[in-house]
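The data block below is data_0.cif; it holds mmCIF, C-alpha atoms.
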data_model
loop_
_atom_site.label_atom_id
_atom_site.label_comp_id
_atom_site.auth_asym_id
_atom_site.auth_seq_id
_atom_site.Cartn_x
_atom_site.Cartn_y
_atom_site.Cartn_z
CA ASP A 1 116.40 173.74 97.53
CA ALA A 2 112.69 173.13 97.61
CA LYS A 3 111.20 173.14 101.09
CA THR A 4 108.45 170.70 100.20
CA THR A 5 108.21 166.97 99.68
CA GLN A 6 105.62 165.32 97.48
CA PRO A 7 105.09 161.71 96.40
CA PRO A 8 106.40 161.22 92.86
CA SER A 9 103.10 160.13 91.39
CA MET A 10 99.52 159.17 91.96
CA ASP A 11 96.47 158.38 89.93
CA CYS A 12 92.74 158.69 90.28
CA ALA A 13 89.63 157.85 88.33
CA GLU A 14 87.93 160.43 86.20
CA GLY A 15 85.10 162.12 88.04
CA ARG A 16 86.51 161.33 91.46
CA ALA A 17 88.26 163.74 93.79
CA ALA A 18 92.03 163.91 93.51
CA ASN A 19 93.77 164.63 96.82
CA LEU A 20 97.39 165.66 96.33
CA PRO A 21 99.47 165.75 99.53
CA CYS A 22 102.42 167.97 100.32
CA ASN A 23 104.72 168.10 103.33
CA HIS A 24 106.37 171.36 104.37
CA SER A 25 107.43 170.67 107.94
CA THR A 26 109.95 173.55 108.09
CA ILE A 27 107.55 176.23 106.88
CA SER A 28 107.92 179.60 108.57
CA GLY A 29 105.16 181.88 109.78
CA ASN A 30 105.59 184.28 106.88
CA GLU A 31 105.60 181.64 104.16
CA TYR A 32 102.68 180.82 101.91
CA VAL A 33 101.85 177.51 100.25
CA TYR A 34 101.41 177.81 96.48
CA TRP A 35 100.26 175.20 94.00
CA TYR A 36 101.01 175.22 90.29
CA ARG A 37 100.55 172.59 87.63
CA GLN A 38 102.31 171.95 84.36
CA ILE A 39 100.54 170.14 81.59
CA HIS A 40 102.83 168.42 79.10
CA SER A 41 105.71 170.95 79.11
CA GLN A 42 103.46 173.98 78.82
CA GLY A 43 104.11 176.93 81.10
CA PRO A 44 103.13 176.28 84.71
CA GLN A 45 99.59 177.31 85.59
CA TYR A 46 98.82 178.94 88.91
CA ILE A 47 96.15 177.07 90.87
CA ILE A 48 95.81 178.42 94.38
CA HIS A 49 97.70 179.63 97.41
CA GLY A 50 97.13 180.02 101.13
CA LEU A 51 98.74 180.96 104.40
CA LYS A 52 96.88 179.09 107.13
CA ASN A 53 93.21 179.11 106.31
CA ASN A 54 91.65 176.72 103.84
CA GLU A 55 91.12 178.26 100.43
CA THR A 56 88.83 177.43 97.53
CA ASN A 57 88.55 178.78 94.02
CA GLU A 58 87.04 177.62 90.77
CA MET A 59 89.87 175.17 90.16
CA ALA A 60 90.60 173.55 93.50
CA SER A 61 90.56 173.62 97.28
CA LEU A 62 93.61 173.93 99.49
CA ILE A 63 93.49 172.37 102.94
CA ILE A 64 96.33 173.38 105.29
CA THR A 65 96.76 171.55 108.58
CA GLU A 66 96.54 173.53 111.76
CA ASP A 67 100.28 173.21 112.42
CA ARG A 68 100.89 174.23 108.78
CA LYS A 69 103.34 171.39 108.29
CA SER A 70 101.37 169.81 105.48
CA SER A 71 98.65 170.58 103.01
CA THR A 72 96.40 168.88 100.50
CA LEU A 73 95.28 170.14 97.12
CA ILE A 74 91.87 168.82 96.19
CA LEU A 75 90.55 168.66 92.65
CA PRO A 76 86.91 167.86 93.37
CA HIS A 77 86.00 166.16 90.10
CA ALA A 78 89.12 165.18 88.20
CA THR A 79 89.02 165.05 84.42
CA LEU A 80 91.49 163.69 81.90
CA ARG A 81 92.65 167.26 81.28
CA ASP A 82 93.85 167.43 84.89
CA THR A 83 96.64 164.97 84.10
CA ALA A 84 99.76 167.03 84.84
CA VAL A 85 102.69 167.58 87.16
CA TYR A 86 101.55 169.45 90.27
CA TYR A 87 104.05 171.54 92.20
CA CYS A 88 103.64 172.48 95.85
CA ILE A 89 105.84 175.49 96.64
CA VAL A 90 106.55 177.34 99.85
CA ARG A 91 107.18 181.02 99.24
CA VAL A 92 108.08 183.89 101.52
CA ALA A 93 105.41 186.55 101.74
CA GLY A 94 106.14 189.67 99.73
CA THR A 95 107.04 190.47 96.19
CA GLY A 96 109.92 190.26 93.84
CA ALA A 97 113.23 188.52 94.04
CA ASN A 98 113.07 188.02 97.79
CA SER A 99 110.01 185.83 97.44
CA LYS A 100 111.02 183.77 94.45
CA LEU A 101 109.48 180.43 93.53
CA THR A 102 111.63 177.35 94.06
CA PHE A 103 110.25 174.36 92.20
CA GLY A 104 110.75 170.81 93.42
CA LYS A 105 110.07 167.68 91.40
CA GLY A 106 106.31 167.84 91.87
CA ILE A 107 103.81 165.02 91.78
CA THR A 108 102.60 163.53 88.53
CA LEU A 109 98.85 163.05 88.61
CA SER A 110 97.42 160.63 86.09
CA VAL A 111 93.66 160.67 85.68
CA ARG A 112 92.38 157.42 84.22
CA PRO A 113 89.10 157.04 82.30
CA SER B 1 95.94 187.06 85.46
CA ALA B 2 97.85 188.35 82.43
CA VAL B 3 98.33 187.31 78.83
CA ILE B 4 101.98 186.44 78.34
CA SER B 5 103.47 185.56 74.99
CA GLN B 6 106.90 184.30 74.05
CA LYS B 7 108.70 184.26 70.74
CA PRO B 8 109.83 181.99 69.27
CA SER B 9 107.77 179.10 70.57
CA ARG B 10 110.52 176.71 69.55
CA ASP B 11 113.79 176.74 67.66
CA ILE B 12 116.58 174.45 66.59
CA CYS B 13 120.00 176.09 66.64
CA GLN B 14 123.58 175.21 65.89
CA ARG B 15 126.16 175.15 68.64
CA GLY B 16 128.16 178.32 69.02
CA THR B 17 125.30 180.55 67.94
CA SER B 18 123.03 182.73 70.08
CA LEU B 19 119.26 182.98 70.36
CA THR B 20 117.21 185.82 71.75
CA ILE B 21 113.84 184.95 73.30
CA GLN B 22 111.20 187.62 73.70
CA CYS B 23 108.56 187.86 76.40
CA GLN B 24 105.62 190.23 76.05
CA VAL B 25 102.88 190.82 78.63
CA ASP B 26 99.61 192.63 78.03
CA SER B 27 99.86 194.86 81.10
CA GLN B 28 102.57 196.73 82.94
CA VAL B 29 104.29 194.62 85.56
CA THR B 30 107.07 195.39 87.95
CA MET B 31 108.65 191.97 88.19
CA MET B 32 109.58 189.64 85.35
CA PHE B 33 111.54 186.43 85.71
CA TRP B 34 113.28 183.94 83.45
CA TYR B 35 113.37 180.20 84.16
CA ARG B 36 114.97 177.20 82.52
CA GLN B 37 113.55 173.69 82.44
CA GLN B 38 115.99 171.08 81.27
CA PRO B 39 114.61 167.83 79.80
CA GLY B 40 112.83 165.79 82.44
CA GLN B 41 113.66 168.30 85.16
CA SER B 42 111.83 170.92 87.16
CA LEU B 43 112.06 174.67 86.65
CA THR B 44 115.13 176.62 87.75
CA LEU B 45 115.16 180.39 88.11
CA ILE B 46 117.79 182.03 85.92
CA ALA B 47 117.34 185.67 86.82
CA THR B 48 115.01 188.49 87.74
CA ALA B 49 114.64 191.05 84.96
CA ASN B 50 114.69 194.49 86.51
CA GLN B 51 113.31 197.43 84.59
CA GLY B 52 115.90 200.17 84.26
CA SER B 53 118.72 198.24 85.86
CA GLU B 54 120.79 195.13 85.43
CA ALA B 55 119.17 191.75 85.91
CA THR B 56 119.72 189.85 89.14
CA TYR B 57 121.15 186.40 88.42
CA GLU B 58 120.82 183.25 90.49
CA SER B 59 123.77 181.16 91.49
CA GLY B 60 125.15 179.27 88.53
CA PHE B 61 123.92 181.73 85.91
CA VAL B 62 125.99 184.61 84.54
CA ILE B 63 125.26 187.64 82.45
CA ASP B 64 127.74 186.75 79.72
CA LYS B 65 125.89 183.52 79.03
CA PHE B 66 122.33 184.76 79.59
CA PRO B 67 122.15 188.51 78.94
CA ILE B 68 118.74 189.96 79.74
CA SER B 69 117.12 193.18 78.67
CA ARG B 70 114.09 194.89 80.21
CA PRO B 71 113.45 198.09 78.28
CA ASN B 72 109.97 198.71 79.67
CA LEU B 73 107.31 197.32 81.97
CA THR B 74 105.74 194.98 79.39
CA PHE B 75 108.71 193.43 77.61
CA SER B 76 111.90 191.49 78.27
CA THR B 77 114.39 189.43 76.32
CA LEU B 78 116.68 186.58 77.29
CA THR B 79 119.62 185.70 75.09
CA VAL B 80 121.22 182.28 75.27
CA SER B 81 124.77 182.91 74.09
CA ASN B 82 127.37 180.64 72.53
CA MET B 83 125.01 177.71 72.76
CA SER B 84 125.94 174.11 73.36
CA PRO B 85 123.72 171.01 73.39
CA GLU B 86 123.53 171.33 77.20
CA ASP B 87 121.50 174.50 76.68
CA SER B 88 118.68 172.49 75.13
CA SER B 89 115.78 173.32 77.42
CA ILE B 90 112.46 175.04 77.71
CA TYR B 91 112.91 178.69 78.64
CA LEU B 92 110.01 180.38 80.40
CA CYS B 93 109.29 183.89 81.44
CA SER B 94 106.97 184.78 84.25
CA VAL B 95 105.46 187.98 85.60
CA GLU B 96 104.31 188.91 89.05
CA LEU B 97 100.85 190.35 89.54
CA GLY B 98 99.42 191.69 92.74
CA THR B 99 96.42 189.88 94.07
CA SER B 100 96.20 190.23 97.80
CA GLY B 101 98.36 193.28 97.89
CA PHE B 102 100.68 191.49 100.24
CA THR B 103 101.93 188.49 98.35
CA ASP B 104 101.89 188.64 94.60
CA THR B 105 101.39 185.69 92.30
CA GLN B 106 103.57 184.69 89.38
CA TYR B 107 102.06 183.77 86.04
CA PHE B 108 104.01 181.99 83.34
CA GLY B 109 104.33 182.30 79.62
CA PRO B 110 103.98 179.30 77.31
CA GLY B 111 107.72 178.72 77.06
CA THR B 112 110.30 178.51 74.29
CA ARG B 113 111.56 175.03 73.45
CA LEU B 114 115.20 175.25 72.38
CA THR B 115 117.15 172.42 70.81
CA VAL B 116 120.87 172.88 70.19
CA LEU B 117 122.57 170.55 67.76
#
This structure in structure tokens:
Amino acid sequence: DAKTTQPPSMDCAEGRAANLPCNHSTISGNEYVYWYRQIHSQGPQYIIHGLKNNETNEMASLIITEDRKSSTLILPHATLRDTAVYYCIVRVAGTGANSKLTFGKGITLSVRP
Amino acid sequence: SAVISQKPSRDICQRGTSLTIQCQVDSQVTMMFWYRQQPGQSLTLIATANQGSEATYESGFVIDKFPISRPNLTFSTLTVSNMSPEDSSIYLCSVELGTSGFTDTQYFGPGTRLTVL
């Protein structure tokens, strides 16, 4: 079972920041928070991941609370192409089958013009 | 990241037949995975494709139904055997690439959309 909970959906206006929340209250010290998105039944696209520090890349920022029980993915300037299902996934550190991805239902982000 | 391709991109098959899906990556990778996404659902891991040994299947998936081959470090196949309409899904392969050197990241192929009549 997925170890994260996300609201089922949210929307935001084009050009505004989209803040996608995720709860992972049972996260362990050796587990990372990963974010993927899936646009219209394409293969999931990796966005970002982090352990405890905030992370930023060209796609998004990841803000993890100090107690690590929740996080927020921020798309700074949402566009219509950001409309997708966003998955927040907790994953054990390491490689291979012992650190597999378990997908929950995700949150559907709708960006409106 | 890596360039991952899957063939076919979609297919419509008759029940009782089998379909083999190919996954090709443009660089050598240690770990490859196969997922299923049933209509309106999230992704479920089917198995880990191990190079040089038998695949490791998740609970609820068996080798007779989903045989997997991994002949080298850039290629894998998943066969959906004796298909029924319940097998209609998107099948996705993914590969694991090292980034931090401690926790690797999975990247996904475009998927194969299978419809079984």
Counting all atoms listed in the file, which residues of chain A sit at most 12 Å from some atom of chain B, and what is each one's closest atom pair with its distance in Å to one decimal, listed by chain and rising residue number, as CSV?
residue,atom,partner,partner_atom,distance
A:Asp1,CA,B:Thr44,CA,10.3
A:Ala2,CA,B:Ser42,CA,10.7
A:Asn30,CA,B:Thr103,CA,10.2
A:Glu31,CA,B:Thr103,CA,9.7
A:Tyr32,CA,B:Thr103,CA,8.5
A:Val33,CA,B:Thr103,CA,11.1
A:Tyr34,CA,B:Thr105,CA,8.9
A:Trp35,CA,B:Thr105,CA,10.7
A:Tyr36,CA,B:Tyr107,CA,9.6
A:Arg37,CA,B:Phe108,CA,10.9
A:Gln38,CA,B:Ser42,CA,10.0
A:Ile39,CA,B:Pro110,CA,10.7
A:His40,CA,B:Gly40,CA,10.9
A:Ser41,CA,B:Ile90,CA,8.0
A:Gln42,CA,B:Pro110,CA,5.6
A:Gly43,CA,B:Pro110,CA,4.5
A:Pro44,CA,B:Phe108,CA,5.9
A:Gln45,CA,B:Phe108,CA,6.8
A:Tyr46,CA,B:Tyr107,CA,6.5
A:Ile47,CA,B:Tyr107,CA,10.2
A:Ile48,CA,B:Thr105,CA,9.4
A:His49,CA,B:Thr105,CA,8.7
A:Gly50,CA,B:Thr103,CA,10.1
A:Leu51,CA,B:Thr103,CA,10.2
A:Val85,CA,B:Ser42,CA,9.7
A:Tyr86,CA,B:Ser42,CA,10.8
A:Tyr87,CA,B:Ser42,CA,9.3
A:Ile89,CA,B:Leu43,CA,11.8
A:Arg91,CA,B:Thr103,CA,9.2
A:Val92,CA,B:Thr103,CA,8.3
A:Ala93,CA,B:Thr103,CA,5.2
A:Gly94,CA,B:Thr103,CA,4.6
A:Thr95,CA,B:Asp104,CA,5.7
A:Gly96,CA,B:Met31,CA,6.0
A:Ala97,CA,B:Thr48,CA,6.5
A:Asn98,CA,B:Thr48,CA,10.2
A:Ser99,CA,B:Thr103,CA,8.6
A:Lys100,CA,B:Leu45,CA,8.3
A:Leu101,CA,B:Leu45,CA,7.9
A:Thr102,CA,B:Thr44,CA,7.3
A:Phe103,CA,B:Leu43,CA,5.8
A:Gly104,CA,B:Ser42,CA,6.4
A:Lys105,CA,B:Ser42,CA,5.6
A:Gly106,CA,B:Ser42,CA,7.9
A:Ile107,CA,B:Ser42,CA,11.0
A:Thr108,CA,B:Ser42,CA,11.9
Atomic separation - CA of Arg10 (chain B) relative to CA of Glu54 (chain B), Å: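 Taking CA of Glu54 (chain B) as the start and CA of Arg10 (chain B) as the end point, the length is 26.4 Å.
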Where does the PyMOL selection byres ((chain B and resi 61) around 12) land in this file, that is, which residues does it pick, as a compact mmCIF listing (two decimals) with C-alpha atoms, in the coordinates of the input?
# COMPACT_ATOMS: atom_id res chain seq x y z
CA TRP B 34 113.28 183.94 83.45
CA TYR B 35 113.37 180.20 84.16
CA ARG B 36 114.97 177.20 82.52
CA THR B 44 115.13 176.62 87.75
CA LEU B 45 115.16 180.39 88.11
CA ILE B 46 117.79 182.03 85.92
CA ALA B 47 117.34 185.67 86.82
CA THR B 48 115.01 188.49 87.74
CA ALA B 55 119.17 191.75 85.91
CA THR B 56 119.72 189.85 89.14
CA TYR B 57 121.15 186.40 88.42
CA GLU B 58 120.82 183.25 90.49
CA SER B 59 123.77 181.16 91.49
CA GLY B 60 125.15 179.27 88.53
CA VAL B 62 125.99 184.61 84.54
CA ILE B 63 125.26 187.64 82.45
CA ASP B 64 127.74 186.75 79.72
CA LYS B 65 125.89 183.52 79.03
CA PHE B 66 122.33 184.76 79.59
CA PRO B 67 122.15 188.51 78.94
CA ILE B 68 118.74 189.96 79.74
CA VAL B 80 121.22 182.28 75.27
CA SER B 81 124.77 182.91 74.09
CA ASP B 87 121.50 174.50 76.68
Name the residues captured by the PyMOL selection byres ((chain B and resi 22) around 8) when it is applied to the shown file; answer as a count of residues only. 11
What is the distance, in Å and to one decimal place, between CA of Met59 (chain A) and CA of Leu75 (chain A)? 7.0 Å
If I put a ball of radius 9 Å at (109.2, 171.4, 102.1) in the file's coordinates, which residues poke into it when counting all atoms listed in the file, written as a list in words? Asp1, Ala2, Lys3, Thr4, Thr5, Gln6, Cys22, Asn23, His24, Ser25, Thr26, Ile27, Lys69, Ser70, Cys88, Ile89, Val90 and Gly104 of chain A
Pull out every residue that the PyMOL selection byres ((chain A and resi 10) around 6) matches in the shown coordinates and put them as a compact mmCIF listing (two decimals) with C-alpha atoms, in the coordinates of the input.
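File selection.txt, as written:
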# COMPACT_ATOMS: atom_id res chain seq x y z
CA SER A 9 103.10 160.13 91.39
CA ASP A 11 96.47 158.38 89.93
CA LEU A 109 98.85 163.05 88.61
Which residues are close to Ile74 (chain A), i.e. within 6 Å by only C-alpha atoms, leaving aside same-chain residues fewer than 6 positions away? Reply as an NGL selection string. :A and (18-19 or 60-61)
Let me make sure I understand: among B:Gly16, B:Pro71, B:Pro85, B:Gly52, which one has the smallest atom-to-atom distance to Gln38 (chain B) if we use only C-alpha atoms?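 Result for the nearest residue to Gln38 (chain B): B:Pro85.
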